[in-house]
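Data file: entry-v1.txt. Format and content: compact mmCIF, C-alpha atoms and all ligand atoms.
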# COMPACT_ATOMS: atom_id res chain seq x y z
CA MET A 1 0.00 0.00 0.00
CA THR A 2 1.42 3.40 -0.94
CA MET A 3 1.22 6.56 1.18
CA THR A 4 -1.43 7.96 -1.19
CA ASP A 5 -3.60 4.89 -0.62
CA GLN A 6 -3.45 5.50 3.10
CA LYS A 7 -4.81 9.04 2.83
CA VAL A 8 -8.41 8.60 3.98
CA ILE A 9 -9.26 12.29 4.21
CA ASP A 10 -7.73 14.90 1.95
CA VAL A 11 -8.67 18.56 2.28
CA GLN A 12 -7.17 21.12 -0.09
CA ASN A 13 -7.74 24.88 0.06
CA VAL A 14 -11.28 24.70 1.43
CA ASN A 15 -13.14 27.99 1.80
CA PHE A 16 -16.69 28.15 3.10
CA SER A 17 -19.13 30.83 4.23
CA TYR A 18 -22.61 30.78 5.72
CA SER A 19 -23.21 34.35 4.55
CA LYS A 20 -21.37 36.84 2.33
CA THR A 21 -18.51 36.98 4.82
CA PRO A 22 -15.90 34.22 4.28
CA PHE A 23 -15.76 31.90 7.27
CA LEU A 24 -13.54 28.84 6.77
CA LYS A 25 -10.41 30.12 5.07
CA ASP A 26 -7.92 28.07 3.08
CA ILE A 27 -8.12 24.84 5.06
CA SER A 28 -5.70 22.11 3.90
CA PHE A 29 -4.69 18.88 5.63
CA SER A 30 -4.87 15.15 5.16
CA VAL A 31 -5.56 12.29 7.54
CA ASN A 32 -4.08 8.82 7.18
CA LYS A 33 -5.83 5.52 7.79
CA GLY A 34 -5.96 4.64 11.48
CA GLU A 35 -5.22 8.15 12.71
CA ILE A 36 -7.12 10.08 15.35
CA PHE A 37 -7.01 13.65 14.09
CA GLY A 38 -8.20 16.41 16.41
CA PHE A 39 -9.86 19.74 15.66
CA LEU A 40 -9.01 21.93 18.62
CA GLY A 41 -10.28 25.46 19.03
CA PRO A 42 -12.46 27.81 21.06
CA SER A 43 -16.24 28.02 20.74
CA GLY A 44 -17.27 29.46 17.38
CA ALA A 45 -13.90 28.70 15.74
CA GLY A 46 -15.49 26.63 12.97
CA LYS A 47 -14.77 23.07 14.13
CA SER A 48 -18.32 21.79 13.64
CA THR A 49 -18.61 23.73 10.38
CA LEU A 50 -15.51 21.98 9.05
CA GLN A 51 -16.99 18.64 10.10
CA LYS A 52 -20.18 19.56 8.23
CA VAL A 53 -18.10 20.22 5.09
CA LEU A 54 -16.36 16.85 5.44
CA THR A 55 -19.59 14.94 6.08
CA GLY A 56 -21.48 16.34 3.10
CA ILE A 57 -23.85 18.56 5.11
CA CYS A 58 -22.41 21.91 3.95
CA THR A 59 -21.81 21.40 0.24
CA ASN A 60 -21.32 24.91 -1.14
CA TYR A 61 -17.62 25.07 -0.30
CA GLU A 62 -14.72 25.95 -2.56
CA GLY A 63 -11.64 23.74 -2.86
CA SER A 64 -11.59 20.00 -2.38
CA ALA A 65 -12.52 17.73 0.53
CA THR A 66 -12.37 14.02 -0.23
CA ILE A 67 -13.26 11.20 2.13
CA LEU A 68 -12.18 7.73 0.95
CA GLY A 69 -11.65 9.30 -2.46
CA VAL A 70 -15.18 10.76 -2.69
CA GLU A 71 -15.57 14.54 -3.01
CA SER A 72 -17.85 15.37 -0.11
CA LYS A 73 -20.16 17.76 -2.01
CA ASP A 74 -20.64 15.22 -4.83
CA HIS A 75 -21.38 12.27 -2.54
CA SER A 76 -23.99 9.69 -3.37
CA LYS A 77 -26.15 7.89 -0.81
CA ASP A 78 -23.63 5.13 -0.09
CA PHE A 79 -21.20 7.76 1.25
CA TYR A 80 -22.98 7.37 4.60
CA GLU A 81 -22.43 3.60 4.58
CA LYS A 82 -18.74 4.26 5.11
CA ILE A 83 -18.79 7.17 7.53
CA GLY A 84 -20.26 7.50 11.00
CA VAL A 85 -21.18 10.87 12.48
CA ASP A 86 -21.63 11.59 16.18
CA PHE A 87 -23.22 15.04 15.98
CA GLU A 88 -22.52 17.73 18.55
CA PHE A 89 -26.16 17.70 19.66
CA PRO A 90 -27.77 14.26 20.11
CA SER A 91 -30.32 13.53 17.40
CA LEU A 92 -32.46 10.73 18.77
CA PHE A 93 -36.15 9.85 18.82
CA GLU A 94 -37.24 10.79 22.34
CA LYS A 95 -40.40 8.64 22.26
CA LEU A 96 -38.50 5.52 21.25
CA THR A 97 -36.37 3.39 23.55
CA ALA A 98 -32.58 3.25 23.21
CA ARG A 99 -32.80 -0.15 21.50
CA GLU A 100 -35.57 1.01 19.15
CA ASN A 101 -33.48 4.05 18.19
CA LEU A 102 -30.45 1.90 17.37
CA LYS A 103 -32.56 -0.63 15.45
CA TYR A 104 -34.14 2.16 13.44
CA PHE A 105 -30.84 3.83 12.55
CA ALA A 106 -29.23 0.47 11.76
CA SER A 107 -32.09 -0.27 9.32
CA LEU A 108 -31.05 2.75 7.24
CA TYR A 109 -27.82 1.03 6.21
CA SER A 110 -27.41 -1.88 3.84
CA GLY A 111 -24.13 -3.48 4.99
CA GLU A 112 -23.14 -5.61 8.00
CA LYS A 113 -24.38 -4.21 11.33
CA ARG A 114 -22.80 -4.37 14.72
CA ASP A 115 -24.43 -6.19 17.61
CA ILE A 116 -26.75 -3.68 19.26
CA ASP A 117 -26.71 -5.32 22.71
CA GLU A 118 -22.93 -5.37 22.70
CA LEU A 119 -22.78 -1.67 21.80
CA LEU A 120 -25.25 -0.88 24.59
CA ARG A 121 -23.18 -2.90 27.05
CA GLU A 122 -19.97 -1.14 26.02
CA VAL A 123 -21.33 2.25 27.05
CA GLY A 124 -23.16 1.01 30.14
CA LEU A 125 -26.64 1.44 28.69
CA TYR A 126 -27.69 -2.19 28.42
CA GLU A 127 -29.83 -1.98 31.58
CA HIS A 128 -31.57 1.07 30.13
CA ALA A 129 -32.02 -0.33 26.63
CA ASP A 130 -35.82 -0.50 26.89
CA LYS A 131 -36.35 2.91 28.47
CA LYS A 132 -37.59 5.82 26.39
CA VAL A 133 -34.85 8.27 25.47
CA SER A 134 -36.96 11.10 26.90
CA ALA A 135 -36.12 9.65 30.34
CA PHE A 136 -32.37 9.67 29.63
CA SER A 137 -29.90 12.08 31.22
CA LYS A 138 -27.66 14.27 29.04
CA GLY A 139 -24.69 11.92 29.47
CA MET A 140 -26.83 8.86 28.62
CA LYS A 141 -28.01 10.58 25.43
CA SER A 142 -24.40 11.41 24.53
CA ARG A 143 -23.37 7.79 24.95
CA LEU A 144 -26.34 6.55 22.92
CA ASN A 145 -25.62 9.11 20.21
CA PHE A 146 -22.05 7.86 20.07
CA ILE A 147 -22.96 4.20 19.56
CA LYS A 148 -25.57 5.28 17.02
CA SER A 149 -22.64 6.41 14.86
CA LEU A 150 -21.09 2.93 15.14
CA VAL A 151 -24.07 0.68 14.26
CA HIS A 152 -23.04 0.25 10.60
CA ASP A 153 -19.35 -0.27 11.48
CA PRO A 154 -18.08 2.68 9.41
CA GLU A 155 -14.50 3.13 8.17
CA VAL A 156 -14.34 6.79 9.13
CA LEU A 157 -15.75 8.36 12.28
CA PHE A 158 -16.56 12.02 12.83
CA LEU A 159 -16.98 12.67 16.53
CA ASP A 160 -18.05 16.16 17.55
CA GLU A 161 -17.37 16.73 21.27
CA PRO A 162 -18.05 13.10 22.25
CA THR A 163 -16.97 13.58 25.87
CA SER A 164 -18.79 16.86 26.46
CA GLY A 165 -21.14 16.66 29.44
CA LEU A 166 -19.82 13.28 30.59
CA ASP A 167 -18.60 12.58 34.14
CA PRO A 168 -14.97 11.39 34.47
CA ASN A 169 -15.98 7.72 34.56
CA ASN A 170 -18.13 7.87 31.43
CA SER A 171 -15.60 10.12 29.75
CA LYS A 172 -12.97 7.41 30.30
CA ILE A 173 -15.31 4.73 28.91
CA MET A 174 -15.87 6.88 25.83
CA LYS A 175 -12.15 7.53 25.34
CA ASP A 176 -11.38 3.80 25.65
CA LEU A 177 -14.01 3.05 23.02
CA ILE A 178 -12.54 5.66 20.67
CA ARG A 179 -9.10 4.06 21.09
CA LYS A 180 -10.64 0.64 20.41
CA GLU A 181 -12.02 1.91 17.09
CA LYS A 182 -8.58 3.25 16.19
CA GLU A 183 -7.03 -0.15 16.99
CA LYS A 184 -9.44 -1.68 14.47
CA GLY A 185 -7.93 0.62 11.83
CA LYS A 186 -10.76 3.16 11.77
CA THR A 187 -9.87 6.76 10.90
CA ILE A 188 -11.27 9.29 13.34
CA ILE A 189 -11.84 13.03 13.33
CA LEU A 190 -12.34 14.24 16.87
CA THR A 191 -13.60 17.72 17.60
CA THR A 192 -12.99 19.10 21.04
CA HIS A 193 -12.09 22.12 23.10
CA ASN A 194 -10.82 19.85 25.82
CA MET A 195 -7.04 19.90 25.49
CA GLN A 196 -6.66 16.98 27.90
CA ASP A 197 -8.75 14.72 25.65
CA ALA A 198 -6.84 15.94 22.61
CA THR A 199 -3.48 15.20 24.26
CA GLU A 200 -4.58 11.73 25.37
CA LEU A 201 -6.29 10.62 22.19
CA CYS A 202 -5.03 12.42 19.11
CA ASP A 203 -2.13 11.43 16.87
CA ARG A 204 -2.19 14.93 15.43
CA VAL A 205 -4.19 18.06 16.16
CA VAL A 206 -4.96 21.17 14.20
CA PHE A 207 -5.53 24.45 16.05
CA ILE A 208 -8.50 26.30 14.55
CA VAL A 209 -9.34 29.92 15.36
CA ASN A 210 -11.73 32.22 13.42
CA GLY A 211 -12.17 29.69 10.62
CA GLN A 212 -8.42 29.38 10.03
CA MET A 213 -5.79 26.74 10.73
CA LYS A 214 -3.16 28.18 13.05
CA ALA A 215 -0.91 25.14 13.54
CA LEU A 216 -0.84 21.38 12.96
CA ASP A 217 1.36 18.84 14.73
CA THR A 218 1.38 15.90 17.13
CA PRO A 219 0.51 16.80 20.75
CA HIS A 220 3.99 15.58 21.73
CA ASN A 221 5.77 17.87 19.26
CA PHE A 222 3.64 20.82 20.28
CA ILE A 223 4.48 20.25 23.93
CA MET A 224 8.19 19.54 23.44
CA SER A 225 9.03 22.09 20.75
CA ARG A 226 7.44 25.09 22.35
CA GLY A 227 7.75 26.45 25.85
CA ALA A 228 10.40 25.07 28.17
CA VAL A 229 9.95 22.36 30.79
CA ARG A 230 9.96 24.03 34.21
CA VAL A 231 11.46 22.67 37.41
CA THR A 232 10.02 23.77 40.74
CA TYR A 233 11.80 23.07 44.02
CA THR A 234 11.13 23.94 47.63
CA TYR A 235 13.55 24.18 50.53
CA LEU A 236 13.62 25.34 54.12
CA GLU A 237 15.32 28.58 55.10
CA ASN A 238 15.24 29.56 58.81
CA GLY A 239 12.19 27.34 59.25
CA VAL A 240 10.32 29.00 56.35
CA GLU A 241 9.51 27.00 53.19
CA ARG A 242 10.63 28.74 49.99
CA THR A 243 9.70 27.80 46.40
CA VAL A 244 11.77 28.48 43.29
CA SER A 245 10.68 27.81 39.70
CA THR A 246 13.23 27.69 36.91
CA ILE A 247 13.66 26.37 33.36
CA LEU A 248 15.01 22.79 33.13
CA SER A 249 17.88 23.77 30.84
CA ASN A 250 19.04 26.32 33.44
CA ILE A 251 19.40 24.01 36.41
CA SER A 252 22.94 22.85 35.62
CA CYS A 253 24.16 26.40 36.35
CA ASP A 254 21.78 27.05 39.27
CA GLU A 255 24.26 27.60 42.13
CA ILE A 256 21.55 27.92 44.79
CA LEU A 257 20.10 24.55 43.80
CA ARG A 258 23.55 22.90 43.77
CA LYS A 259 24.24 24.20 47.28
CA LEU A 260 20.82 23.15 48.57
CA ILE A 261 21.36 19.61 47.22
CA GLU A 262 24.81 19.44 48.84
CA GLU A 263 23.34 20.57 52.16
CA ASN A 264 20.42 18.16 51.76
CA ARG A 265 17.89 20.98 52.26
CA ILE A 266 15.55 20.30 49.31
CA THR A 267 12.09 19.31 50.58
CA SER A 268 10.48 18.71 47.16
CA ILE A 269 11.32 18.97 43.48
CA HIS A 270 9.24 18.36 40.38
CA SER A 271 9.23 19.18 36.69
CA ALA A 272 6.25 20.10 34.54
CA GLU A 273 5.88 20.28 30.77
CA PRO A 274 3.67 22.99 29.32
CA THR A 275 0.18 21.70 28.53
CA LEU A 276 -1.40 21.75 25.09
CA ASN A 277 -3.53 24.55 26.48
CA ASP A 278 -0.39 26.66 27.23
CA ILE A 279 0.88 26.00 23.71
CA PHE A 280 -2.49 26.85 22.18
CA ILE A 281 -2.45 30.22 23.94
CA GLU A 282 1.18 30.82 22.96
CA ILE A 283 0.55 30.12 19.27
CA THR A 284 -2.91 31.60 18.79
CA GLY A 285 -3.06 34.26 21.50
CA THR A 286 -6.53 32.86 22.32
CA HIS A 287 -7.88 30.75 25.18
CA LEU A 288 -9.56 27.47 24.39
CA ASP A 289 -12.70 28.24 26.40
N1 LIG B 1 -26.22 27.13 10.12
C1 LIG B 1 -25.51 28.24 10.36
N2 LIG B 1 -25.84 29.43 9.78
C2 LIG B 1 -25.12 30.54 10.00
N3 LIG B 1 -24.04 30.62 10.81
C3 LIG B 1 -23.68 29.48 11.42
C4 LIG B 1 -24.39 28.24 11.24
N4 LIG B 1 -23.79 27.28 11.98
C5 LIG B 1 -22.74 27.89 12.60
N5 LIG B 1 -22.68 29.21 12.27
C6 LIG B 1 -21.66 30.18 12.74
O1 LIG B 1 -20.37 29.72 12.36
C7 LIG B 1 -19.44 29.98 13.38
C8 LIG B 1 -18.73 28.70 13.75
O2 LIG B 1 -19.61 27.77 14.33
P1 LIG B 1 -19.19 26.27 14.63
O3 LIG B 1 -20.42 25.60 15.10
O4 LIG B 1 -18.51 25.71 13.45
O5 LIG B 1 -18.13 26.50 15.79
P2 LIG B 1 -17.42 25.44 16.75
O6 LIG B 1 -15.95 25.67 16.59
O7 LIG B 1 -17.93 24.08 16.48
O8 LIG B 1 -17.86 25.95 18.19
P3 LIG B 1 -18.28 25.10 19.54
O9 LIG B 1 -16.99 24.75 20.20
O10 LIG B 1 -19.07 26.11 20.32
O11 LIG B 1 -19.08 23.91 19.13
C9 LIG B 1 -20.21 30.59 14.53
O12 LIG B 1 -20.02 31.99 14.49
C10 LIG B 1 -21.63 30.22 14.25
O13 LIG B 1 -22.51 31.24 14.70
MG MG B 2 -19.00 22.76 17.58
This structure in structure tokens:
Amino acid sequence: MTMTDQKVIDVQNVNFSYSKTPFLKDISFSVNKGEIFGFLGPSGAGKSTLQKVLTGICTNYEGSATILGVESKDHSKDFYEKIGVDFEFPSLFEKLTARENLKYFASLYSGEKRDIDELLREVGLYEHADKKVSAFSKGMKSRLNFIKSLVHDPEVLFLDEPTSGLDPNNSKIMKDLIRKEKEKGKTIILTTHNMQDATELCDRVVFIVNGQMKALDTPHNFIMSRGAVRVTYTYLENGVERTVSTILSNISCDEILRKLIEENRITSIHSAEPTLNDIFIEITGTHLD
């Protein structure tokens, strides 16, 4: 298989506007098979809009956006056999039960389906399978909406804020499931403004602000290439605890630290890398939330 074969998503010079004012500006990137690719940016940046371009919902864009070789705006019906979309806002039938919802959505696809009970079990909803969705909490709806995008076992997944509104336990379950899909070779676009999720899950992330790409790299490269690792140490001086913070590369010439170590007066020492959030602010000048 060549590198070109592995390109599942290819976006070249995409421009899009809802009104006369241009919104998405000159977006270009590609995503390889089996990658988790993150869209990271503050509210209103255009993350969901870009997902709508890629999933054939917003079709009046300029440039090219191909998914599995199909130009998104020219897609035919079977486009949706191969992609799964977990929309930002759950779209479920409130008067139907969880199982009825999944059965209904599965019936819209022609290929092999996944086992509905197993999907329900995986997100902890099996016990609630026969309850009406109207009685579901926000987090339960999010989890159901997520497995709804998996029923037809798609090659490419578009997940828009899948962990939003979930408690830490359910958020972990969701993240494990996303990793499991990646292990199966699925290609995943993950939209988030949670930099922790992006760092944990994504192979690469693109920073989006005001409809523009500001930077694209792996979380590791972002964290290591920008901003220095800091070392913070505390020591006792005349019974009073003092804290000093310095840059890791400076500690070899830190005479105070050398002396404190010799005199065995250090009470604690730790190092901290900048977070993806710090880097985002450094590069874009904007906060994530
Ligand atoms: N259907 C629409 N018609 C007109 N403007 C829209 C429409 N949908 C979104 N917008 C505008 O496009 C901009 C980007 O919205 P989008 O939903 O893509 O942002 P986002 O990055 O996903 O934000 P969030 O993190 O809040 O979900 C916003 O200013 C929004 O008001
Ligand atoms: Mg959004």
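Taking all atoms listed in the file into account, ligand MG 2 (chain B) has within 10 Å the residues A:Phe39, A:Gly41, A:Pro42, A:Ser43, A:Gly44, A:Ala45, A:Gly46, A:Lys47, A:Ser48, A:Thr49, A:Leu50, A:Gln51, A:Lys52, A:Phe87, A:Glu88, A:Phe89, A:Asp160, A:Glu161, A:Thr191, A:Thr192, A:His193.
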For Val8 of chain A, the nearest of the candidates A:Ser107, A:Thr187, A:Ser134, A:Thr234, counting only C-alpha atoms
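When distances to Val8 of chain A are compared using only C-alpha atoms, the smallest one comes from A:Thr187.
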Proximity to ligand LIG 1 (chain B) - best of A:Ile27, A:Ile208, A:Val11, A:Leu190, all atoms listed in the file:
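Going through A:Ile27, A:Ile208, A:Val11, A:Leu190 one by one, the smallest distance to ligand LIG 1 (chain B) is for A:Ile208.
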Got a sec: who's within 9 Å of segment 220-225 of chain A, counting only C-alpha atoms, leaving out chain neighbours fewer than 6 positions off, as a PyMOL selection string?
chain A and resi 199+203-204+273-276+278-280
With distances taken over only C-alpha atoms, which residue among A:Ser245, A:Ser252, A:Thr59, A:Ser268 lies nearest Val14 of chain A?
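Checking each of A:Ser245, A:Ser252, A:Thr59, A:Ser268 against Val14 of chain A, counting only C-alpha atoms, the winner is A:Thr59.
Atom CA of Leu108 of chain A to atom CA of Lys33 of chain A spans 25.4 Å [interatomic distance, one decimal].
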Which residues are near His152 of chain A? Cut-off 10 Å, only C-alpha atoms, ignore same chain within fewer than 4 positions. Put them as a list in words.
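The residues that qualify are Tyr80, Glu81, Lys82, Ile83, Gly84, Phe105, Ala106, Ser107, Leu108, Tyr109, Ser110, Gly111, Glu112, Lys113, Arg114, Asp115, Ile147 and Lys148 of chain A.
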Taking 3 positions as the minimum chain separation for residues in the same chain, which residues sit within 8 Å of Thr284 of chain A when counting all atoms listed in the file? Answer as a compact mmCIF listing (two decimals) with C-alpha atoms, keeping the file's coordinate frame.
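Final output, saved to result27.txt:
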# COMPACT_ATOMS: atom_id res chain seq x y z
CA VAL A 209 -9.34 29.92 15.36
CA LYS A 214 -3.16 28.18 13.05
CA PHE A 280 -2.49 26.85 22.18
CA ILE A 281 -2.45 30.22 23.94
